[in-house]
file run.cif (mmCIF, C-alpha atoms)
data_model
loop_
_atom_site.label_atom_id
_atom_site.label_comp_id
_atom_site.auth_asym_id
_atom_site.auth_seq_id
_atom_site.Cartn_x
_atom_site.Cartn_y
_atom_site.Cartn_z
CA MET A 1 -18.80 -61.98 5.45
CA SER A 2 -15.55 -60.30 4.42
CA LEU A 3 -14.06 -63.72 3.56
CA PHE A 4 -17.07 -64.49 1.38
CA ILE A 5 -16.72 -61.16 -0.44
CA ARG A 6 -13.01 -61.74 -1.06
CA LEU A 7 -13.73 -65.23 -2.37
CA LEU A 8 -16.51 -63.96 -4.62
CA SER A 9 -14.24 -61.19 -5.91
CA PHE A 10 -11.50 -63.70 -6.71
CA ILE A 11 -13.94 -65.98 -8.56
CA LEU A 12 -15.26 -63.08 -10.63
CA ARG A 13 -11.72 -61.92 -11.52
CA TYR A 14 -10.78 -65.49 -12.43
CA LEU A 15 -13.81 -65.94 -14.69
CA LEU A 16 -13.24 -62.56 -16.35
CA SER A 17 -9.55 -63.35 -16.95
CA LEU A 18 -10.46 -66.73 -18.37
CA ALA A 19 -13.01 -65.14 -20.71
CA ILE A 20 -10.46 -62.57 -21.94
CA ILE A 21 -7.85 -65.26 -22.62
CA LEU A 22 -10.35 -67.49 -24.44
CA TYR A 23 -11.52 -64.54 -26.52
CA SER A 24 -7.97 -63.50 -27.49
CA LEU A 25 -7.06 -67.07 -28.50
CA THR A 26 -10.23 -67.70 -30.54
CA ILE A 27 -12.44 -65.17 -32.35
CA GLY A 28 -10.45 -62.22 -31.00
CA ILE A 29 -7.51 -63.07 -33.25
CA LEU A 30 -9.68 -62.12 -36.23
CA THR A 31 -9.90 -58.49 -35.08
CA GLU A 32 -7.23 -55.79 -34.69
CA LYS A 33 -8.18 -55.15 -31.05
CA GLY A 34 -8.12 -58.87 -30.33
CA ARG A 35 -4.63 -59.24 -31.76
CA LEU A 36 -3.49 -56.22 -29.72
CA LEU A 37 -4.92 -57.90 -26.61
CA LEU A 38 -2.98 -61.08 -27.39
CA THR A 39 0.24 -59.08 -27.84
CA THR A 40 -0.36 -57.34 -24.52
CA LEU A 41 -0.91 -60.69 -22.76
CA LEU A 42 2.34 -62.02 -24.21
CA ASP A 43 4.22 -58.90 -23.07
CA VAL A 44 2.89 -59.27 -19.53
CA LEU A 45 3.81 -62.96 -19.44
CA SER A 46 7.30 -62.30 -20.77
CA ASP A 47 7.91 -59.67 -18.09
CA PHE A 48 6.50 -61.83 -15.30
CA TYR A 49 8.45 -64.96 -16.22
CA ASN A 50 11.51 -63.06 -17.51
CA PHE A 51 11.67 -64.45 -21.03
CA THR A 52 11.46 -62.88 -24.46
CA PHE A 53 10.13 -63.89 -27.86
CA ILE A 54 12.94 -62.24 -29.84
CA THR A 55 16.18 -63.44 -28.26
CA LYS A 56 17.03 -65.52 -31.35
CA THR A 57 17.11 -62.43 -33.55
CA THR A 58 19.01 -60.01 -31.33
CA SER A 59 22.41 -60.14 -29.69
CA THR A 60 21.30 -58.63 -26.40
CA LYS A 61 18.15 -57.62 -24.58
CA LEU A 62 17.53 -54.23 -23.04
CA PRO A 63 17.30 -54.20 -19.26
CA THR A 64 13.83 -53.22 -18.04
CA ILE A 65 12.79 -50.41 -15.74
CA SER A 66 9.49 -49.74 -14.03
CA ASP A 67 7.19 -47.07 -15.41
CA TYR A 68 7.02 -45.60 -11.91
CA SER A 69 10.72 -44.75 -12.10
CA VAL A 70 10.31 -42.47 -15.13
CA ILE A 71 6.87 -40.85 -14.77
CA THR A 72 5.45 -38.17 -12.49
CA ASN A 73 3.41 -38.99 -9.41
CA GLU A 74 1.00 -36.19 -10.31
CA PHE A 75 -2.33 -36.53 -12.08
CA ILE A 76 -1.93 -37.76 -15.68
CA GLU A 77 -4.60 -36.83 -18.20
CA ILE A 78 -5.23 -38.70 -21.46
CA ILE A 79 -7.14 -37.20 -24.37
CA GLU A 80 -8.33 -39.12 -27.44
CA PRO A 81 -8.07 -42.51 -25.69
CA PHE A 82 -9.59 -44.53 -28.53
CA PHE A 83 -7.05 -46.80 -30.23
CA GLU A 84 -6.47 -47.19 -33.95
CA GLU A 85 -3.99 -49.59 -35.57
CA GLY A 86 -0.68 -47.72 -35.62
CA ASN A 87 -1.26 -45.93 -32.28
CA VAL A 88 0.57 -46.54 -29.02
CA THR A 89 -1.45 -48.42 -26.41
CA LEU A 90 -3.40 -46.60 -23.70
CA ASN A 91 -0.82 -47.66 -21.11
CA GLU A 92 2.05 -46.40 -23.28
CA LEU A 93 0.22 -43.12 -23.86
CA ALA A 94 -0.16 -42.63 -20.10
CA ILE A 95 3.56 -43.28 -19.61
CA ILE A 96 4.57 -40.82 -22.35
CA ASN A 97 2.34 -38.18 -20.76
CA GLY A 98 3.78 -39.00 -17.33
CA ILE A 99 7.36 -38.61 -18.59
CA ILE A 100 6.54 -35.23 -20.10
CA LYS A 101 4.89 -34.02 -16.89
CA LYS A 102 7.94 -35.12 -14.91
CA GLU A 103 10.64 -33.75 -17.24
CA ASN A 104 8.85 -30.57 -18.44
CA PRO A 105 10.62 -30.33 -21.83
CA LYS A 106 10.49 -27.00 -23.63
CA LYS A 107 10.96 -28.55 -27.06
CA ILE A 108 9.70 -31.95 -28.25
CA PHE A 109 10.37 -33.59 -31.61
CA GLU A 110 8.25 -36.51 -32.81
CA ILE A 111 9.31 -38.61 -35.79
CA GLY A 112 6.15 -40.22 -37.17
CA THR A 113 2.93 -38.24 -36.69
CA PHE A 114 0.44 -40.78 -38.06
CA ASP A 115 -3.00 -39.51 -36.90
CA GLY A 116 -1.57 -37.18 -34.23
CA ARG A 117 -2.98 -38.99 -31.17
CA THR A 118 0.37 -39.07 -29.37
CA THR A 119 1.17 -35.54 -30.56
CA ILE A 120 -1.89 -33.91 -29.02
CA ASN A 121 -1.38 -35.83 -25.78
CA MET A 122 2.19 -34.55 -25.55
CA ALA A 123 0.87 -31.05 -26.21
CA ASN A 124 -1.81 -31.41 -23.56
CA SER A 125 0.62 -32.75 -20.94
CA SER A 126 3.40 -30.21 -21.52
CA LYS A 127 3.82 -26.69 -20.16
CA ASP A 128 2.37 -23.71 -22.02
CA ASN A 129 5.83 -22.63 -23.25
CA CYS A 130 6.59 -26.01 -24.87
CA GLU A 131 7.08 -26.25 -28.64
CA ILE A 132 6.25 -29.52 -30.39
CA TYR A 133 7.50 -30.46 -33.84
CA THR A 134 6.17 -33.57 -35.55
CA LEU A 135 7.39 -35.00 -38.85
CA ASP A 136 5.43 -37.31 -41.11
CA LEU A 137 5.79 -38.71 -44.62
CA PRO A 138 2.88 -37.68 -46.89
CA LYS A 139 1.53 -40.44 -49.10
CA GLU A 140 2.54 -38.44 -52.22
CA LYS A 141 6.20 -39.07 -51.31
CA LEU A 142 5.89 -42.81 -50.73
CA LYS A 143 7.74 -43.59 -53.95
CA ASN A 144 10.59 -41.17 -53.23
CA THR A 145 11.95 -42.47 -49.92
CA LYS A 146 15.63 -43.15 -49.32
CA TYR A 147 14.95 -46.61 -47.88
CA LYS A 148 12.33 -49.13 -48.88
CA VAL A 149 9.14 -48.81 -46.84
CA SER A 150 7.48 -51.99 -45.58
CA ASP A 151 3.98 -52.94 -46.71
CA TYR A 152 2.72 -52.42 -43.16
CA ASP A 153 4.12 -48.90 -43.00
CA LYS A 154 2.61 -48.12 -46.39
CA THR A 155 -0.86 -48.81 -44.97
CA LEU A 156 -0.21 -46.26 -42.20
CA ILE A 157 1.24 -43.64 -44.56
CA ASP A 158 -1.48 -44.02 -47.21
CA LYS A 159 -3.95 -41.59 -45.63
CA ASP A 160 -5.53 -38.36 -46.83
CA ILE A 161 -4.59 -36.27 -43.78
CA CYS A 162 -1.41 -36.38 -41.72
CA GLY A 163 -2.27 -35.78 -38.09
CA GLU A 164 -6.04 -35.78 -38.47
CA ARG A 165 -6.57 -35.70 -34.70
CA ILE A 166 -4.37 -32.59 -34.44
CA LYS A 167 -6.72 -30.66 -36.67
CA LYS A 168 -9.66 -31.70 -34.49
CA SER A 169 -7.93 -30.93 -31.19
CA ASN A 170 -8.43 -27.88 -28.99
CA LEU A 171 -6.71 -24.57 -29.64
CA LYS A 172 -4.33 -24.98 -26.68
CA CYS A 173 -2.83 -28.10 -28.27
CA ARG A 174 -2.85 -26.84 -31.85
CA ASN A 175 -0.94 -23.67 -30.92
CA LYS A 176 1.97 -25.75 -29.58
CA ILE A 177 2.21 -28.14 -32.53
CA ASN A 178 4.22 -27.53 -35.70
CA GLN A 179 3.62 -30.12 -38.41
CA LEU A 180 6.50 -30.92 -40.76
CA TYR A 181 6.48 -33.16 -43.81
CA GLY A 182 9.11 -35.30 -45.46
CA ASP A 183 11.23 -38.44 -45.31
CA SER A 184 13.02 -38.58 -41.95
CA ALA A 185 16.02 -40.24 -43.66
CA THR A 186 16.62 -37.16 -45.85
CA PHE A 187 14.89 -34.34 -43.94
CA ASP A 188 17.15 -31.42 -42.97
CA PHE A 189 17.13 -31.42 -39.15
CA THR A 190 20.11 -29.06 -38.87
CA SER A 191 18.20 -26.16 -37.34
CA PHE A 192 16.93 -28.45 -34.55
CA TYR A 193 20.29 -29.92 -33.51
CA ASN A 194 21.27 -29.43 -29.85
CA SER A 195 17.90 -27.92 -28.99
CA VAL A 196 15.43 -30.71 -28.25
CA GLU A 197 14.71 -32.07 -24.77
CA LEU A 198 12.48 -35.00 -25.71
CA VAL A 199 12.46 -37.03 -28.92
CA PHE A 200 9.79 -39.62 -29.64
CA ILE A 201 10.62 -42.04 -32.47
CA ASP A 202 7.65 -43.81 -34.01
CA GLY A 203 8.45 -43.75 -37.70
CA ALA A 204 9.10 -46.51 -40.22
CA HIS A 205 9.76 -49.94 -38.72
CA ASP A 206 12.58 -51.17 -40.98
CA TYR A 207 16.16 -51.35 -39.71
CA ASP A 208 17.66 -48.57 -41.88
CA ASN A 209 15.00 -46.00 -41.02
CA ALA A 210 14.95 -46.91 -37.32
CA LEU A 211 18.75 -46.64 -37.12
CA THR A 212 18.81 -43.33 -39.01
CA ASP A 213 16.04 -41.90 -36.82
CA SER A 214 17.96 -42.98 -33.70
CA LYS A 215 21.13 -41.25 -34.88
CA THR A 216 19.08 -38.16 -35.68
CA ALA A 217 17.55 -38.19 -32.19
CA LEU A 218 20.99 -38.09 -30.60
CA LYS A 219 21.86 -35.04 -32.70
CA LEU A 220 18.58 -33.35 -31.82
CA VAL A 221 19.31 -33.69 -28.12
CA GLY A 222 23.01 -33.06 -28.70
CA LYS A 223 24.83 -31.65 -25.70
CA ARG A 224 21.64 -31.01 -23.74
CA ASN A 225 20.11 -33.26 -21.12
CA GLY A 226 17.18 -34.97 -22.76
CA ILE A 227 15.00 -38.02 -23.21
CA ILE A 228 14.78 -40.30 -26.25
CA LEU A 229 11.79 -42.63 -26.51
CA TRP A 230 11.34 -45.34 -29.13
CA HIS A 231 8.07 -47.09 -29.84
CA ASP A 232 7.78 -50.69 -31.09
CA TYR A 233 10.82 -52.06 -29.28
CA LYS A 234 10.20 -55.80 -28.89
CA LYS A 235 7.21 -55.67 -31.24
CA TRP A 236 9.32 -55.15 -34.39
CA VAL A 237 12.61 -57.04 -34.72
CA PRO A 238 14.22 -54.47 -37.09
CA VAL A 239 13.55 -51.73 -34.52
CA VAL A 240 15.10 -53.90 -31.81
CA ASN A 241 18.18 -54.51 -33.93
CA ALA A 242 18.50 -50.80 -34.73
CA ILE A 243 18.44 -49.86 -31.04
CA GLU A 244 20.96 -52.61 -30.29
CA SER A 245 23.20 -51.10 -32.97
CA ILE A 246 22.93 -47.70 -31.29
CA ARG A 247 23.99 -49.32 -28.01
CA GLN A 248 27.07 -50.75 -29.71
CA ILE A 249 27.95 -47.40 -31.35
CA HIS A 250 27.37 -45.51 -28.08
CA PRO A 251 28.13 -47.99 -25.27
CA LYS A 252 27.85 -45.31 -22.59
CA LEU A 253 24.17 -44.74 -23.35
CA ASP A 254 21.84 -46.30 -20.81
CA ILE A 255 18.86 -47.56 -22.79
CA TYR A 256 16.05 -49.48 -21.11
CA ARG A 257 12.72 -51.00 -22.01
CA ILE A 258 9.86 -49.74 -19.89
CA GLN A 259 8.33 -52.84 -18.34
CA GLY A 260 5.07 -54.08 -19.84
CA THR A 261 5.37 -51.84 -22.91
CA ASN A 262 7.01 -51.59 -26.32
CA LEU A 263 8.73 -48.35 -25.29
CA ALA A 264 12.51 -48.01 -25.10
CA TYR A 265 13.82 -45.18 -22.91
CA CYS A 266 17.12 -43.34 -22.78
CA LYS A 267 18.00 -40.36 -20.60
CA VAL A 268 20.85 -38.57 -22.34
CA SER A 269 23.10 -36.51 -20.09
#

call {"tool": "encode", "arguments": {"input": "run.cif", "output": "structure tokens"}}
result
Amino acid sequence: MSLFIRLLSFILRYLLSLAIILYSLTIGILTEKGRLLLTTLLDVLSDFYNFTFITKTTSTKLPTISDYSVITNEFIEIIEPFFEEGNVTLNELAIINGIIKKENPKKIFEIGTFDGRTTINMANSSKDNCEIYTLDLPKEKLKNTKYKVSDYDKTLIDKDICGERIKKSNLKCRNKINQLYGDSATFDFTSFYNSVELVFIDGAHDYDNALTDSKTALKLVGKRNGIILWHDYKKWVPVVNAIESIRQIHPKLDIYRIQGTNLAYCKVS
């Protein structure tokens, strides 16, 4: 009987997997969620078979680490799980929350608020004494940026409210979060230098902005022990190239990609 159940379970998993693959390769490609599913499948395959889709555009590839090596083994809670284009994936959100629960930072700086989904999760997963600062470019300043913004980024910036999910979140989260506005390439970060214990970079996806944000992150952490996280490594070639440039400028930095994600991870010490 147990053999029959195991066989039936395998057949059901096989049929479900086949259906998901067929969907992602056919009508699913016409939807945002379907394209995200296809990207996720490609990421899993590249990790499993140890190949990458971007080696022709970058000089090196980040070594990978397991998510289990950087997150807590405690309970991880996710709020606002529903995905919108421009958000991190559910798996990435769980990892970010797990890192925060493990490291217990007292000050977090996020570059790129978007709708605030990641922001409120960081607030919810951090200790009560944690301060969170999040910087976003309002759509009114789209024409006054230091570097040219890509058409894709313009669609994410062109919104009526920066951090809409923050304003709808609970009081516990809102009390920790400080929203800032401006172009991260010209914003005055001086008062935050050497004071931040976790920086999350999810701003513009062009090379110049990604490189500038990375240099800023190192100054924010400064002489403290801290974590720098980048989103969209592997997904966006300019972001990959910017992180590779940081590795060349600071060869002693150990930067990794968290396996199965588009997150790059660096523990500065």

call {"tool": "residues_around", "arguments": {"input": "run.cif", "residues": "A:Asn73", "least_positions_apart": "6", "cutoff": "12 Å", "atoms": "all atoms listed in the file", "output": "PyMOL selection string"}}
result
chain A and resi 67+94-95+97-103

call {"tool": "residues_near_point", "arguments": {"input": "run.cif", "point": "(22.0, -33.6, -29.8)", "cutoff": "7 Å", "atoms": "all atoms listed in the file", "output": "ChimeraX atom specification"}}
result
/A:193-194,217-224

call {"tool": "write_last_selection", "arguments": {"input": "run.cif", "atoms": "C-alpha atoms", "output": "JSON list (two decimals), in the coordinates of the input"}}
result
[["chain", "number", "residue", "atom", "x", "y", "z"],
["A", 193, "TYR", "CA", 20.29, -29.92, -33.51],
["A", 194, "ASN", "CA", 21.27, -29.43, -29.85],
["A", 217, "ALA", "CA", 17.55, -38.19, -32.19],
["A", 218, "LEU", "CA", 20.99, -38.09, -30.60],
["A", 219, "LYS", "CA", 21.86, -35.04, -32.70],
["A", 220, "LEU", "CA", 18.58, -33.35, -31.82],
["A", 221, "VAL", "CA", 19.31, -33.69, -28.12],
["A", 222, "GLY", "CA", 23.01, -33.06, -28.70],
["A", 223, "LYS", "CA", 24.83, -31.65, -25.70],
["A", 224, "ARG", "CA", 21.64, -31.01, -23.74]]

call {"tool": "residues_around", "arguments": {"input": "run.cif", "residues": "A:Glu164", "least_positions_apart": "3", "cutoff": "10 Å", "atoms": "all atoms listed in the file", "output": "PyMOL selection string"}}
result
chain A and resi 113-117+159-161+167-169

call {"tool": "write_last_selection", "arguments": {"input": "run.cif", "atoms": "C-alpha atoms", "output": "tab-separated table (two decimals), in the coordinates of the input"}}
result
chain	number	residue	atom	x	y	z
A	113	THR	CA	2.93	-38.24	-36.69
A	114	PHE	CA	0.44	-40.78	-38.06
A	115	ASP	CA	-3.00	-39.51	-36.90
A	116	GLY	CA	-1.57	-37.18	-34.23
A	117	ARG	CA	-2.98	-38.99	-31.17
A	159	LYS	CA	-3.95	-41.59	-45.63
A	160	ASP	CA	-5.53	-38.36	-46.83
A	161	ILE	CA	-4.59	-36.27	-43.78
A	167	LYS	CA	-6.72	-30.66	-36.67
A	168	LYS	CA	-9.66	-31.70	-34.49
A	169	SER	CA	-7.93	-30.93	-31.19

call {"tool": "atom_distance", "arguments": {"input": "run.cif", "atom1": "atom CA of A:Leu142", "atom2": "atom CA of A:Leu180"}}
result
15.5 Å

call {"tool": "closest_residue", "arguments": {"input": "run.cif", "among": "A:Asn209, A:Thr26, A:Asn124, A:Ser191", "to": "A:Gly112", "atoms": "all atoms listed in the file"}}
result
A:Asn209

call {"tool": "closest_residue", "arguments": {"input": "run.cif", "among": "A:Phe4, A:Phe83, A:Tyr68, A:Phe192", "to": "A:Thr216", "atoms": "all atoms listed in the file"}}
result
A:Phe192

call {"tool": "closest_residue", "arguments": {"input": "run.cif", "among": "A:Leu62, A:Ile166, A:Ile20, A:Ile249", "to": "A:Ile79", "atoms": "only C-alpha atoms"}}
result
A:Ile166

call {"tool": "resolve_selection", "arguments": {"input": "run.cif", "expression": "the PyMOL selection byres ((chain A and resi 184-186) around 12)", "output": "PyMOL selection string"}}
result
chain A and resi 109-113+134-138+141+144-149+180-183+187-190+201-204+206-217

call {"tool": "residues_around", "arguments": {"input": "run.cif", "residues": "A:Lys176", "least_positions_apart": "6", "cutoff": "8 Å", "atoms": "only C-alpha atoms", "output": "ChimeraX atom specification"}}
result
/A:123,128,130-132

call {"tool": "resolve_selection", "arguments": {"input": "run.cif", "expression": "the PyMOL selection byres ((chain A and resi 254-265) around 9)", "output": "PyMOL selection string"}}
result
chain A and resi 40+43-47+61-67+70+88-89+91-92+227-235+243+247+251-253+266-268

call {"tool": "atom_distance", "arguments": {"input": "run.cif", "atom1": "atom CA of A:Ile246", "atom2": "atom CA of A:Asn87"}}
result
24.3 Å

call {"tool": "atom_distance", "arguments": {"input": "run.cif", "atom1": "atom CA of A:Tyr23", "atom2": "atom CA of A:Arg6"}}
result
25.7 Å

call {"tool": "axis_aligned_box", "arguments": {"input": "run.cif", "around": "stretch 124-134 of chain A", "padding_each_side": "4 Å", "output": "lines of an AutoDock Vina configuration file"}}
result
center_x = 2.8
center_y = -28.1
center_z = -27.9
size_x = 17.3
size_y = 18.9
size_z = 23.4

call {"tool": "build_atoms", "arguments": {"input": "run.cif", "residues": "stretch 216-234 of chain A", "atoms": "N, CA and C atoms", "output": "PDB file, keeping the file's coordinate frame"}}
result
ATOM      1  N   THR A 216      19.604 -39.519 -35.620  1.00  0.00           N
ATOM      2  CA  THR A 216      19.080 -38.160 -35.680  1.00  0.00           C
ATOM      3  C   THR A 216      18.658 -37.679 -34.294  1.00  0.00           C
ATOM      4  N   ALA A 217      18.010 -38.558 -33.534  1.00  0.00           N
ATOM      5  CA  ALA A 217      17.550 -38.190 -32.190  1.00  0.00           C
ATOM      6  C   ALA A 217      18.702 -37.752 -31.303  1.00  0.00           C
ATOM      7  N   LEU A 218      19.821 -38.448 -31.404  1.00  0.00           N
ATOM      8  CA  LEU A 218      20.990 -38.090 -30.600  1.00  0.00           C
ATOM      9  C   LEU A 218      21.513 -36.697 -30.981  1.00  0.00           C
ATOM     10  N   LYS A 219      21.431 -36.370 -32.256  1.00  0.00           N
ATOM     11  CA  LYS A 219      21.860 -35.040 -32.700  1.00  0.00           C
ATOM     12  C   LYS A 219      20.865 -33.965 -32.264  1.00  0.00           C
ATOM     13  N   LEU A 220      19.593 -34.313 -32.247  1.00  0.00           N
ATOM     14  CA  LEU A 220      18.580 -33.350 -31.820  1.00  0.00           C
ATOM     15  C   LEU A 220      18.772 -32.967 -30.356  1.00  0.00           C
ATOM     16  N   VAL A 221      19.036 -33.967 -29.532  1.00  0.00           N
ATOM     17  CA  VAL A 221      19.310 -33.690 -28.120  1.00  0.00           C
ATOM     18  C   VAL A 221      20.694 -33.054 -27.980  1.00  0.00           C
ATOM     19  N   GLY A 222      21.671 -33.629 -28.680  1.00  0.00           N
ATOM     20  CA  GLY A 222      23.010 -33.060 -28.700  1.00  0.00           C
ATOM     21  C   GLY A 222      23.654 -33.002 -27.334  1.00  0.00           C
ATOM     22  N   LYS A 223      24.116 -31.833 -26.956  1.00  0.00           N
ATOM     23  CA  LYS A 223      24.830 -31.650 -25.700  1.00  0.00           C
ATOM     24  C   LYS A 223      23.898 -31.311 -24.541  1.00  0.00           C
ATOM     25  N   ARG A 224      22.607 -31.295 -24.793  1.00  0.00           N
ATOM     26  CA  ARG A 224      21.640 -31.010 -23.740  1.00  0.00           C
ATOM     27  C   ARG A 224      21.307 -32.280 -22.967  1.00  0.00           C
ATOM     28  N   ASN A 225      20.710 -32.126 -21.803  1.00  0.00           N
ATOM     29  CA  ASN A 225      20.110 -33.260 -21.120  1.00  0.00           C
ATOM     30  C   ASN A 225      18.744 -33.491 -21.744  1.00  0.00           C
ATOM     31  N   GLY A 226      18.453 -34.708 -22.104  1.00  0.00           N
ATOM     32  CA  GLY A 226      17.180 -34.970 -22.760  1.00  0.00           C
ATOM     33  C   GLY A 226      16.777 -36.419 -22.712  1.00  0.00           C
ATOM     34  N   ILE A 227      15.579 -36.674 -23.194  1.00  0.00           N
ATOM     35  CA  ILE A 227      15.000 -38.020 -23.210  1.00  0.00           C
ATOM     36  C   ILE A 227      14.782 -38.445 -24.654  1.00  0.00           C
ATOM     37  N   ILE A 228      15.142 -39.702 -24.959  1.00  0.00           N
ATOM     38  CA  ILE A 228      14.780 -40.300 -26.250  1.00  0.00           C
ATOM     39  C   ILE A 228      13.880 -41.488 -25.964  1.00  0.00           C
ATOM     40  N   LEU A 229      12.738 -41.525 -26.627  1.00  0.00           N
ATOM     41  CA  LEU A 229      11.790 -42.630 -26.510  1.00  0.00           C
ATOM     42  C   LEU A 229      11.608 -43.271 -27.883  1.00  0.00           C
ATOM     43  N   TRP A 230      11.648 -44.604 -27.909  1.00  0.00           N
ATOM     44  CA  TRP A 230      11.340 -45.340 -29.130  1.00  0.00           C
ATOM     45  C   TRP A 230      10.065 -46.138 -28.903  1.00  0.00           C
ATOM     46  N   HIS A 231       9.206 -46.177 -29.903  1.00  0.00           N
ATOM     47  CA  HIS A 231       8.070 -47.090 -29.840  1.00  0.00           C
ATOM     48  C   HIS A 231       8.390 -48.337 -30.662  1.00  0.00           C
ATOM     49  N   ASP A 232       7.696 -49.416 -30.359  1.00  0.00           N
ATOM     50  CA  ASP A 232       7.780 -50.690 -31.090  1.00  0.00           C
ATOM     51  C   ASP A 232       9.053 -51.479 -30.817  1.00  0.00           C
ATOM     52  N   TYR A 233       9.760 -51.148 -29.709  1.00  0.00           N
ATOM     53  CA  TYR A 233      10.820 -52.060 -29.280  1.00  0.00           C
ATOM     54  C   TYR A 233      10.148 -53.338 -28.792  1.00  0.00           C
ATOM     55  N   LYS A 234      10.693 -54.463 -29.200  1.00  0.00           N
ATOM     56  CA  LYS A 234      10.200 -55.800 -28.890  1.00  0.00           C
ATOM     57  C   LYS A 234       9.103 -56.248 -29.855  1.00  0.00           C
TER      58      LYS A 234
END
